file upload-v3.pdb (PDB, C-alpha atoms, pLDDT in the B column)
ATOM      1  CA  MET A  83     115.451  95.363  59.003  1.00 92.00           C
ATOM      2  CA  LYS A  84     115.953  92.666  56.376  1.00 94.00           C
ATOM      3  CA  LEU A  85     112.608  91.032  55.802  1.00 96.00           C
ATOM      4  CA  ALA A  86     112.516  87.762  53.867  1.00 97.00           C
ATOM      5  CA  LEU A  87     109.051  86.782  52.709  1.00 97.00           C
ATOM      6  CA  ILE A  88     108.115  83.451  51.146  1.00 98.00           C
ATOM      7  CA  ARG A  89     104.666  82.763  49.765  1.00 98.00           C
ATOM      8  CA  HIS A  90     103.461  79.300  50.754  1.00 98.00           C
ATOM      9  CA  LEU A  91     103.862  76.286  48.483  1.00 98.00           C
ATOM     10  CA  PRO A  92     100.911  75.460  46.180  1.00 98.00           C
ATOM     11  CA  THR A  93      97.660  74.060  47.488  1.00 98.00           C
ATOM     12  CA  PRO A  94      94.898  72.289  45.544  1.00 97.00           C
ATOM     13  CA  ALA A  95      93.129  75.679  45.255  1.00 97.00           C
ATOM     14  CA  ASN A  96      96.251  77.236  43.699  1.00 96.00           C
ATOM     15  CA  ARG A  97      96.487  74.347  41.255  1.00 96.00           C
ATOM     16  CA  ASP A  98      92.830  74.801  40.291  1.00 96.00           C
ATOM     17  CA  GLY A  99      92.979  78.619  40.046  1.00 95.00           C
ATOM     18  CA  LEU A 100      90.622  79.228  42.976  1.00 97.00           C
ATOM     19  CA  LEU A 101      90.728  81.927  45.641  1.00 97.00           C
ATOM     20  CA  GLN A 102      91.369  80.383  49.030  1.00 96.00           C
ATOM     21  CA  GLY A 103      91.715  83.318  51.438  1.00 96.00           C
ATOM     22  CA  ARG A 104      90.947  82.026  54.933  1.00 96.00           C
ATOM     23  CA  ARG A 105      90.193  78.466  53.815  1.00 96.00           C
ATOM     24  CA  ASP A 106      92.660  76.321  55.757  1.00 97.00           C
ATOM     25  CA  LEU A 107      94.077  74.084  53.047  1.00 96.00           C
ATOM     26  CA  GLU A 108      97.160  71.890  53.113  1.00 97.00           C
ATOM     27  CA  ILE A 109      99.917  72.213  50.537  1.00 98.00           C
ATOM     28  CA  LEU A 110     100.299  69.710  47.729  1.00 98.00           C
ATOM     29  CA  PRO A 111     103.262  67.321  47.945  1.00 97.00           C
ATOM     30  CA  PRO A 112     106.170  69.464  46.666  1.00 97.00           C
ATOM     31  CA  SER A 113     107.256  68.687  43.095  1.00 96.00           C
ATOM     32  CA  ASP A 114     110.914  68.281  42.169  1.00 97.00           C
ATOM     33  CA  GLU A 115     110.812  71.780  40.665  1.00 97.00           C
ATOM     34  CA  ALA A 116     109.371  73.204  43.895  1.00 97.00           C
ATOM     35  CA  LEU A 117     112.093  71.489  45.933  1.00 98.00           C
ATOM     36  CA  GLU A 118     114.759  72.935  43.622  1.00 98.00           C
ATOM     37  CA  THR A 119     113.298  76.392  44.258  1.00 98.00           C
ATOM     38  CA  VAL A 120     113.303  75.695  47.998  1.00 98.00           C
ATOM     39  CA  ALA A 121     117.020  74.838  47.783  1.00 97.00           C
ATOM     40  CA  ARG A 122     117.796  78.059  45.853  1.00 97.00           C
ATOM     41  CA  ASN A 123     115.728  80.119  48.278  1.00 97.00           C
ATOM     42  CA  ARG A 124     117.488  78.538  51.259  1.00 96.00           C
ATOM     43  CA  GLU A 125     120.834  79.548  49.745  1.00 95.00           C
ATOM     44  CA  ALA A 126     119.554  83.115  49.371  1.00 95.00           C
ATOM     45  CA  LEU A 127     118.334  83.099  52.985  1.00 95.00           C
ATOM     46  CA  THR A 128     121.763  81.906  54.170  1.00 93.00           C
ATOM     47  CA  ALA A 129     123.403  84.698  52.169  1.00 91.00           C
ATOM     48  CA  LEU A 130     121.470  87.245  54.248  1.00 87.00           C
ATOM     49  CA  GLY A 131     124.023  86.521  56.960  1.00 80.00           C
ATOM     50  CA  GLY A 132     123.014  84.851  60.145  1.00 70.00           C
ATOM     51  CA  ASP A 133     119.974  83.502  61.887  1.00 88.00           C
ATOM     52  CA  PHE A 134     116.598  85.179  61.838  1.00 95.00           C
ATOM     53  CA  ASP A 135     115.386  87.002  64.932  1.00 96.00           C
ATOM     54  CA  GLN A 136     111.915  85.618  64.256  1.00 96.00           C
ATOM     55  CA  VAL A 137     110.371  83.105  61.864  1.00 97.00           C
ATOM     56  CA  LEU A 138     106.649  83.718  61.517  1.00 98.00           C
ATOM     57  CA  VAL A 139     103.739  81.847  59.948  1.00 98.00           C
ATOM     58  CA  SER A 140     100.036  82.670  59.774  1.00 98.00           C
ATOM     59  CA  ARG A 141      97.320  80.626  61.473  1.00 98.00           C
ATOM     60  CA  LEU A 142      96.664  78.800  58.196  1.00 98.00           C
ATOM     61  CA  ARG A 143      98.315  75.391  57.801  1.00 97.00           C
ATOM     62  CA  ARG A 144      99.759  76.062  54.380  1.00 98.00           C
ATOM     63  CA  THR A 145     102.285  78.545  55.779  1.00 98.00           C
ATOM     64  CA  ALA A 146     103.382  76.269  58.630  1.00 98.00           C
ATOM     65  CA  MET A 147     103.695  73.337  56.223  1.00 98.00           C
ATOM     66  CA  THR A 148     105.840  75.468  53.913  1.00 98.00           C
ATOM     67  CA  ALA A 149     108.051  76.526  56.838  1.00 98.00           C
ATOM     68  CA  GLU A 150     108.477  72.819  57.622  1.00 98.00           C
ATOM     69  CA  VAL A 151     109.585  72.046  54.047  1.00 98.00           C
ATOM     70  CA  TYR A 152     112.128  74.869  54.371  1.00 97.00           C
ATOM     71  CA  GLY A 153     113.438  73.414  57.642  1.00 96.00           C
ATOM     72  CA  TYR A 154     112.023  76.143  59.895  1.00 96.00           C
ATOM     73  CA  GLY A 155     109.018  74.255  61.282  1.00 89.00           C
ATOM     74  CA  GLY A 156     110.345  74.032  64.827  1.00 91.00           C
ATOM     75  CA  ALA A 157     111.474  77.665  64.829  1.00 93.00           C
ATOM     76  CA  ALA A 158     108.241  79.158  63.475  1.00 97.00           C
ATOM     77  CA  THR A 159     105.857  81.192  65.618  1.00 97.00           C
ATOM     78  CA  VAL A 160     102.201  81.572  64.666  1.00 98.00           C
ATOM     79  CA  GLU A 161     101.392  85.245  64.086  1.00 98.00           C
ATOM     80  CA  PRO A 162      97.713  86.096  63.369  1.00 98.00           C
ATOM     81  CA  LEU A 163      98.787  89.411  61.792  1.00 98.00           C
ATOM     82  CA  LEU A 164     100.004  87.324  58.821  1.00 98.00           C
ATOM     83  CA  ASP A 165      96.570  85.830  58.093  1.00 98.00           C
ATOM     84  CA  GLU A 166      95.452  86.096  54.481  1.00 98.00           C
ATOM     85  CA  LEU A 167      92.734  88.380  53.178  1.00 98.00           C
ATOM     86  CA  ASP A 168      89.205  87.125  53.778  1.00 98.00           C
ATOM     87  CA  PHE A 169      87.709  86.947  50.265  1.00 98.00           C
ATOM     88  CA  GLY A 170      84.228  86.242  51.682  1.00 97.00           C
ATOM     89  CA  ARG A 171      81.768  84.850  49.135  1.00 97.00           C
ATOM     90  CA  PHE A 172      84.559  84.503  46.565  1.00 98.00           C
ATOM     91  CA  GLU A 173      86.570  81.934  48.516  1.00 97.00           C
ATOM     92  CA  GLY A 174      86.668  78.640  46.678  1.00 97.00           C
ATOM     93  CA  LYS A 175      85.686  80.359  43.417  1.00 97.00           C
ATOM     94  CA  PRO A 176      87.769  81.348  40.382  1.00 97.00           C
ATOM     95  CA  ARG A 177      89.563  84.693  40.646  1.00 95.00           C
ATOM     96  CA  LYS A 178      87.756  85.860  37.491  1.00 96.00           C
ATOM     97  CA  ASP A 179      84.413  85.675  39.353  1.00 97.00           C
ATOM     98  CA  MET A 180      85.669  88.211  41.899  1.00 97.00           C
ATOM     99  CA  LEU A 181      87.177  90.424  39.189  1.00 97.00           C
ATOM    100  CA  GLU A 182      83.855  90.507  37.308  1.00 97.00           C
ATOM    101  CA  VAL A 183      82.212  91.983  40.408  1.00 97.00           C
ATOM    102  CA  VAL A 184      84.906  94.378  41.701  1.00 97.00           C
ATOM    103  CA  GLY A 185      86.222  95.398  38.281  1.00 96.00           C
ATOM    104  CA  ASP A 186      89.050  97.902  37.923  1.00 96.00           C
ATOM    105  CA  ALA A 187      88.932  98.751  41.633  1.00 97.00           C
ATOM    106  CA  TRP A 188      90.995  95.585  42.277  1.00 97.00           C
ATOM    107  CA  ILE A 189      93.929  97.232  40.483  1.00 96.00           C
ATOM    108  CA  GLU A 190      93.235 100.946  40.828  1.00 96.00           C
ATOM    109  CA  ALA A 191      91.737 101.319  44.328  1.00 97.00           C
ATOM    110  CA  PRO A 192      91.925  98.057  46.310  1.00 97.00           C
ATOM    111  CA  GLN A 193      92.023 100.012  49.583  1.00 96.00           C
ATOM    112  CA  ASP A 194      88.365 100.939  48.993  1.00 97.00           C
ATOM    113  CA  LEU A 195      87.128  97.355  48.536  1.00 97.00           C
ATOM    114  CA  VAL A 196      85.333  95.216  51.082  1.00 97.00           C
ATOM    115  CA  LEU A 197      85.239  91.486  50.347  1.00 97.00           C
ATOM    116  CA  GLY A 198      84.920  89.197  53.391  1.00 97.00           C
ATOM    117  CA  GLU A 199      86.749  92.024  55.192  1.00 97.00           C
ATOM    118  CA  PRO A 200      87.859  95.500  54.164  1.00 98.00           C
ATOM    119  CA  ILE A 201      91.174  95.416  52.338  1.00 97.00           C
ATOM    120  CA  ARG A 202      92.145  98.294  54.642  1.00 97.00           C
ATOM    121  CA  ALA A 203      92.031  95.742  57.492  1.00 97.00           C
ATOM    122  CA  LEU A 204      94.546  93.602  55.601  1.00 97.00           C
ATOM    123  CA  GLY A 205      96.766  96.669  55.331  1.00 97.00           C
ATOM    124  CA  GLU A 206      96.427  97.334  59.042  1.00 97.00           C
ATOM    125  CA  ARG A 207      97.588  93.776  59.805  1.00 97.00           C
ATOM    126  CA  ALA A 208     100.648  94.293  57.599  1.00 97.00           C
ATOM    127  CA  ARG A 209     101.378  97.652  59.255  1.00 96.00           C
ATOM    128  CA  GLY A 210     100.853  96.074  62.668  1.00 97.00           C
ATOM    129  CA  MET A 211     103.363  93.353  61.850  1.00 97.00           C
ATOM    130  CA  LEU A 212     105.942  95.976  60.820  1.00 96.00           C
ATOM    131  CA  ARG A 213     105.415  97.884  64.072  1.00 96.00           C
ATOM    132  CA  LYS A 214     105.394  94.787  66.297  1.00 97.00           C
ATOM    133  CA  TYR A 215     108.650  93.421  64.884  1.00 97.00           C
ATOM    134  CA  SER A 216     110.442  96.726  64.217  1.00 95.00           C
ATOM    135  CA  HIS A 217     113.092  95.723  66.784  1.00 94.00           C
ATOM    136  CA  CYS A 218     114.197  92.762  64.617  1.00 95.00           C
ATOM    137  CA  GLU A 219     117.208  92.939  62.320  1.00 94.00           C
ATOM    138  CA  ARG A 220     116.269  89.834  60.289  1.00 95.00           C
ATOM    139  CA  LEU A 221     112.749  88.528  59.955  1.00 96.00           C
ATOM    140  CA  LEU A 222     111.508  85.513  57.960  1.00 97.00           C
ATOM    141  CA  LEU A 223     107.825  85.355  57.075  1.00 98.00           C
ATOM    142  CA  PHE A 224     105.905  82.529  55.433  1.00 98.00           C
ATOM    143  CA  GLY A 225     102.825  84.223  54.043  1.00 97.00           C
ATOM    144  CA  HIS A 226     100.104  84.536  51.458  1.00 98.00           C
ATOM    145  CA  ALA A 227      99.626  86.314  48.122  1.00 97.00           C
ATOM    146  CA  ALA A 228      97.309  89.237  48.975  1.00 98.00           C
ATOM    147  CA  TRP A 229      98.943  89.749  52.378  1.00 98.00           C
ATOM    148  CA  SER A 230     102.409  89.772  50.792  1.00 97.00           C
ATOM    149  CA  ARG A 231     101.381  92.215  48.077  1.00 97.00           C
ATOM    150  CA  ALA A 232      99.868  94.502  50.715  1.00 97.00           C
ATOM    151  CA  LEU A 233     103.085  94.423  52.747  1.00 97.00           C
ATOM    152  CA  MET A 234     105.226  95.056  49.667  1.00 96.00           C
ATOM    153  CA  ALA A 235     103.073  98.056  48.676  1.00 96.00           C
ATOM    154  CA  ILE A 236     103.202  99.504  52.189  1.00 95.00           C
ATOM    155  CA  VAL A 237     106.982  99.134  52.371  1.00 94.00           C
ATOM    156  CA  ALA A 238     107.381 100.685  48.899  1.00 92.00           C
ATOM    157  CA  SER A 239     104.952 103.603  49.211  1.00 92.00           C
ATOM    158  CA  GLY A 240     103.172 103.529  52.567  1.00 92.00           C
ATOM    159  CA  GLU A 241      99.893 102.839  50.750  1.00 94.00           C
ATOM    160  CA  LEU A 242      97.808  99.912  49.530  1.00 96.00           C
ATOM    161  CA  SER A 243      96.856 101.466  46.200  1.00 93.00           C
ATOM    162  CA  GLY A 244      99.553  99.606  44.224  1.00 93.00           C
ATOM    163  CA  MET A 245      99.255  96.231  45.905  1.00 97.00           C
ATOM    164  CA  ASN A 246      97.559  94.452  43.008  1.00 97.00           C
ATOM    165  CA  LYS A 247      99.869  95.820  40.337  1.00 96.00           C
ATOM    166  CA  THR A 248     102.432  93.193  41.233  1.00 94.00           C
ATOM    167  CA  ARG A 249     102.440  89.426  41.518  1.00 95.00           C
ATOM    168  CA  ILE A 250     103.973  86.975  43.954  1.00 97.00           C
ATOM    169  CA  ASP A 251     104.001  83.322  42.995  1.00 97.00           C
ATOM    170  CA  ASN A 252     103.788  80.283  45.225  1.00 98.00           C
ATOM    171  CA  ASN A 253     107.209  79.505  46.736  1.00 98.00           C
ATOM    172  CA  GLN A 254     108.580  82.908  45.654  1.00 98.00           C
ATOM    173  CA  LEU A 255     111.114  84.593  47.919  1.00 98.00           C
ATOM    174  CA  VAL A 256     111.024  88.373  48.244  1.00 97.00           C
ATOM    175  CA  ILE A 257     113.636  90.216  50.274  1.00 96.00           C
ATOM    176  CA  LEU A 258     112.726  93.670  51.509  1.00 95.00           C
ATOM    177  CA  GLU A 259     114.852  96.258  53.244  1.00 93.00           C
ATOM    178  CA  VAL A 260     112.666  98.070  55.755  1.00 92.00           C
ATOM    179  CA  SER A 261     114.129 101.142  57.421  1.00 81.00           C
ATOM    180  CA  ARG A 262     113.504 101.519  61.134  1.00 65.00           C
ATOM    181  CA  HIS A 263     111.806 104.819  60.344  1.00 56.00           C
ATOM    182  CA  ALA A 264     109.496 103.111  57.856  1.00 51.00           C
ATOM    183  CA  SER A 265     108.620 100.248  60.199  1.00 49.00           C
ATOM    184  CA  GLU A 266     107.888 102.566  63.134  1.00 47.00           C
ATOM    185  CA  GLY A 267     106.139 105.286  61.170  1.00 43.00           C
ATOM    186  CA  VAL A 268     104.100 103.444  58.571  1.00 43.00           C
ATOM    187  CA  ARG A 269     101.305 105.713  57.431  1.00 39.00           C
ATOM    188  CA  GLU A 270      97.774 104.983  58.426  1.00 36.00           C
ATOM    189  CA  GLN A 271      95.110 105.085  55.710  1.00 31.00           C
TER     190      GLN A 271
END

call {"tool": "encode", "arguments": {"input": "upload-v3.pdb", "output": "structure tokens"}}
result
Amino acid sequence: MKLALIRHLPTPANRDGLLQGRRDLEILPPSDEALETVARNREALTALGGDFDQVLVSRLRRTAMTAEVYGYGGAATVEPLLDELDFGRFEGKPRKDMLEVVGDAWIEAPQDLVLGEPIRALGERARGMLRKYSHCERLLLFGHAAWSRALMAIVASGELSGMNKTRIDNNQLVILEVSRHASEGVREQ
């Protein structure tokens, strides 16, 4: 399966460097630079060859609003498996506040952390999405940072341990090739 993943456009929390998690924030009006990136990403999506079997957004408005900017608003289906990590008491606070508490575990062993939810639960949602849509040849997801990093780590290694060793920016497009074997047999942790 070809899986195209786009992290939502910036929100006020992104602009201010705050964790938003499950906070249901709207995107900022897209800048000219953001719209140029949208145009380049749309060209890359077209180059994948054909329509998408499914276009999915989370339950949080920022992903649906981003899908709308990309021209997929009417085609998008809400999929709760794409919901962002619940950062609990750290939502609405600077990322550095969370890092001061969780320390190196954020990078070295995120699968062992529990914030507003266990990060393992985030991984299970990503695995569940891969299993649920394993029949698709082309899938377009509008998602979130932690969720996207978890999915990327699972596709790369089957594990969450490396999820925070990478970065995905707002409005960034990532294209993943997921083998049918990988999507049907993702390892449980």

call {"tool": "resolve_selection", "arguments": {"input": "upload-v3.pdb", "expression": "the PyMOL selection byres ((chain A and resi 134) around 7)", "output": "list in words"}}
result
Gly132, Asp133, Asp135, Gln136, Val137, Arg220, Leu221 and Leu222 of chain A

call {"tool": "closest_atom_pairs", "arguments": {"input": "upload-v3.pdb", "of": "segment 136-196 of chain A", "to": "segment 240-263 of chain A", "cutoff": "12 Å", "atoms": "all atoms listed in the file", "output": "Markdown table"}}
result
| residue | atom | partner | partner_atom | distance |
| --- | --- | --- | --- | --- |
| A:Arg144 | CA | A:Asn252 | CA | 10.9 |
| A:Thr145 | CA | A:Asn253 | CA | 10.3 |
| A:Met147 | CA | A:Asn253 | CA | 11.8 |
| A:Thr148 | CA | A:Asn253 | CA | 8.3 |
| A:Ala149 | CA | A:Asn253 | CA | 10.6 |
| A:Val151 | CA | A:Asn253 | CA | 10.7 |
| A:Tyr152 | CA | A:Asn253 | CA | 10.2 |
| A:Leu181 | CA | A:Asn246 | CA | 11.8 |
| A:Asp186 | CA | A:Asn246 | CA | 10.5 |
| A:Ala187 | CA | A:Ser243 | CA | 9.5 |
| A:Trp188 | CA | A:Asn246 | CA | 6.7 |
| A:Ile189 | CA | A:Asn246 | CA | 5.2 |
| A:Glu190 | CA | A:Ser243 | CA | 6.5 |
| A:Ala191 | CA | A:Ser243 | CA | 5.5 |
| A:Pro192 | CA | A:Ser243 | CA | 6.0 |
| A:Gln193 | CA | A:Leu242 | CA | 5.8 |
| A:Asp194 | CA | A:Ser243 | CA | 9.0 |
| A:Leu195 | CA | A:Ser243 | CA | 10.8 |

call {"tool": "resolve_selection", "arguments": {"input": "upload-v3.pdb", "expression": "the PyMOL selection byres ((chain A and resi 155-169) around 8)", "output": "ChimeraX atom specification"}}
result
/A:101-104,136-142,146-147,149-154,170-173,197-199,201,204,207-208,210-211,225-229

call {"tool": "closest_residue", "arguments": {"input": "upload-v3.pdb", "among": "A:Leu107, A:Leu212, A:Cys218, A:Ala95", "to": "Met234 of chain A", "atoms": "all atoms listed in the file"}}
result
A:Leu212

call {"tool": "atom_distance", "arguments": {"input": "upload-v3.pdb", "atom1": "atom CA of Thr93 of chain A", "atom2": "atom CA of Tyr215 of chain A"}}
result
28.3 Å

call {"tool": "atom_distance", "arguments": {"input": "upload-v3.pdb", "atom1": "atom CA of Met83 of chain A", "atom2": "atom CA of Arg143 of chain A"}}
result
26.3 Å

call {"tool": "atom_distance", "arguments": {"input": "upload-v3.pdb", "atom1": "atom CA of Leu100 of chain A", "atom2": "atom CA of Lys175 of chain A"}}
result
5.1 Å

call {"tool": "build_atoms", "arguments": {"input": "upload-v3.pdb", "residues": "segment 128-149 of chain A", "atoms": "N, CA, C and O atoms", "output": "JSON list (two decimals), in the coordinates of the input"}}
result
[["chain", "number", "residue", "atom", "x", "y", "z"],
["A", 128, "THR", "N", 120.47, 82.03, 53.50],
["A", 128, "THR", "CA", 121.76, 81.91, 54.17],
["A", 128, "THR", "C", 122.65, 83.10, 53.84],
["A", 128, "THR", "O", 123.38, 83.61, 54.70],
["A", 129, "ALA", "N", 122.58, 83.57, 52.61],
["A", 129, "ALA", "CA", 123.40, 84.70, 52.17],
["A", 129, "ALA", "C", 123.02, 86.00, 52.88],
["A", 129, "ALA", "O", 123.81, 86.95, 52.87],
["A", 130, "LEU", "N", 121.85, 86.05, 53.50],
["A", 130, "LEU", "CA", 121.47, 87.24, 54.25],
["A", 130, "LEU", "C", 122.35, 87.44, 55.48],
["A", 130, "LEU", "O", 122.36, 88.51, 56.07],
["A", 131, "GLY", "N", 123.05, 86.38, 55.89],
["A", 131, "GLY", "CA", 124.02, 86.52, 56.96],
["A", 131, "GLY", "C", 123.48, 86.32, 58.35],
["A", 131, "GLY", "O", 123.20, 87.27, 59.05],
["A", 132, "GLY", "N", 123.37, 85.11, 58.76],
["A", 132, "GLY", "CA", 123.01, 84.85, 60.14],
["A", 132, "GLY", "C", 121.60, 84.33, 60.31],
["A", 132, "GLY", "O", 120.83, 84.23, 59.37],
["A", 133, "ASP", "N", 121.29, 84.01, 61.55],
["A", 133, "ASP", "CA", 119.97, 83.50, 61.89],
["A", 133, "ASP", "C", 118.95, 84.62, 61.86],
["A", 133, "ASP", "O", 119.27, 85.80, 61.93],
["A", 134, "PHE", "N", 117.69, 84.22, 61.81],
["A", 134, "PHE", "CA", 116.60, 85.18, 61.84],
["A", 134, "PHE", "C", 116.19, 85.42, 63.28],
["A", 134, "PHE", "O", 116.18, 84.50, 64.10],
["A", 135, "ASP", "N", 115.86, 86.67, 63.59],
["A", 135, "ASP", "CA", 115.39, 87.00, 64.93],
["A", 135, "ASP", "C", 114.04, 86.33, 65.20],
["A", 135, "ASP", "O", 113.77, 85.91, 66.32],
["A", 136, "GLN", "N", 113.22, 86.26, 64.16],
["A", 136, "GLN", "CA", 111.92, 85.62, 64.26],
["A", 136, "GLN", "C", 111.60, 84.94, 62.93],
["A", 136, "GLN", "O", 111.95, 85.46, 61.87],
["A", 137, "VAL", "N", 110.94, 83.79, 63.03],
["A", 137, "VAL", "CA", 110.37, 83.10, 61.86],
["A", 137, "VAL", "C", 108.88, 83.02, 62.15],
["A", 137, "VAL", "O", 108.47, 82.46, 63.17],
["A", 138, "LEU", "N", 108.07, 83.60, 61.26],
["A", 138, "LEU", "CA", 106.65, 83.72, 61.52],
["A", 138, "LEU", "C", 105.83, 83.04, 60.43],
["A", 138, "LEU", "O", 106.19, 83.09, 59.25],
["A", 139, "VAL", "N", 104.72, 82.44, 60.85],
["A", 139, "VAL", "CA", 103.74, 81.85, 59.95],
["A", 139, "VAL", "C", 102.36, 82.35, 60.36],
["A", 139, "VAL", "O", 102.16, 82.79, 61.49],
["A", 140, "SER", "N", 101.41, 82.28, 59.44],
["A", 140, "SER", "CA", 100.04, 82.67, 59.77],
["A", 140, "SER", "C", 99.36, 81.51, 60.52],
["A", 140, "SER", "O", 99.96, 80.48, 60.77],
["A", 141, "ARG", "N", 98.08, 81.69, 60.82],
["A", 141, "ARG", "CA", 97.32, 80.63, 61.47],
["A", 141, "ARG", "C", 96.87, 79.55, 60.50],
["A", 141, "ARG", "O", 96.30, 78.53, 60.91],
["A", 142, "LEU", "N", 97.11, 79.76, 59.20],
["A", 142, "LEU", "CA", 96.66, 78.80, 58.20],
["A", 142, "LEU", "C", 97.75, 77.77, 57.93],
["A", 142, "LEU", "O", 98.91, 78.12, 57.73],
["A", 143, "ARG", "N", 97.37, 76.51, 57.90],
["A", 143, "ARG", "CA", 98.32, 75.39, 57.80],
["A", 143, "ARG", "C", 99.30, 75.50, 56.65],
["A", 143, "ARG", "O", 100.44, 75.07, 56.77],
["A", 144, "ARG", "N", 98.88, 76.06, 55.54],
["A", 144, "ARG", "CA", 99.76, 76.06, 54.38],
["A", 144, "ARG", "C", 101.06, 76.81, 54.63],
["A", 144, "ARG", "O", 102.08, 76.48, 54.05],
["A", 145, "THR", "N", 101.04, 77.83, 55.49],
["A", 145, "THR", "CA", 102.28, 78.54, 55.78],
["A", 145, "THR", "C", 103.18, 77.73, 56.72],
["A", 145, "THR", "O", 104.38, 77.67, 56.52],
["A", 146, "ALA", "N", 102.59, 77.09, 57.71],
["A", 146, "ALA", "CA", 103.38, 76.27, 58.63],
["A", 146, "ALA", "C", 103.97, 75.06, 57.90],
["A", 146, "ALA", "O", 105.12, 74.67, 58.15],
["A", 147, "MET", "N", 103.20, 74.48, 56.99],
["A", 147, "MET", "CA", 103.70, 73.34, 56.22],
["A", 147, "MET", "C", 104.85, 73.76, 55.32],
["A", 147, "MET", "O", 105.82, 73.02, 55.15],
["A", 148, "THR", "N", 104.76, 74.96, 54.75],
["A", 148, "THR", "CA", 105.84, 75.47, 53.91],
["A", 148, "THR", "C", 107.08, 75.72, 54.76],
["A", 148, "THR", "O", 108.20, 75.36, 54.35],
["A", 149, "ALA", "N", 106.91, 76.31, 55.93],
["A", 149, "ALA", "CA", 108.05, 76.53, 56.84],
["A", 149, "ALA", "C", 108.72, 75.20, 57.17],
["A", 149, "ALA", "O", 109.95, 75.11, 57.24]]
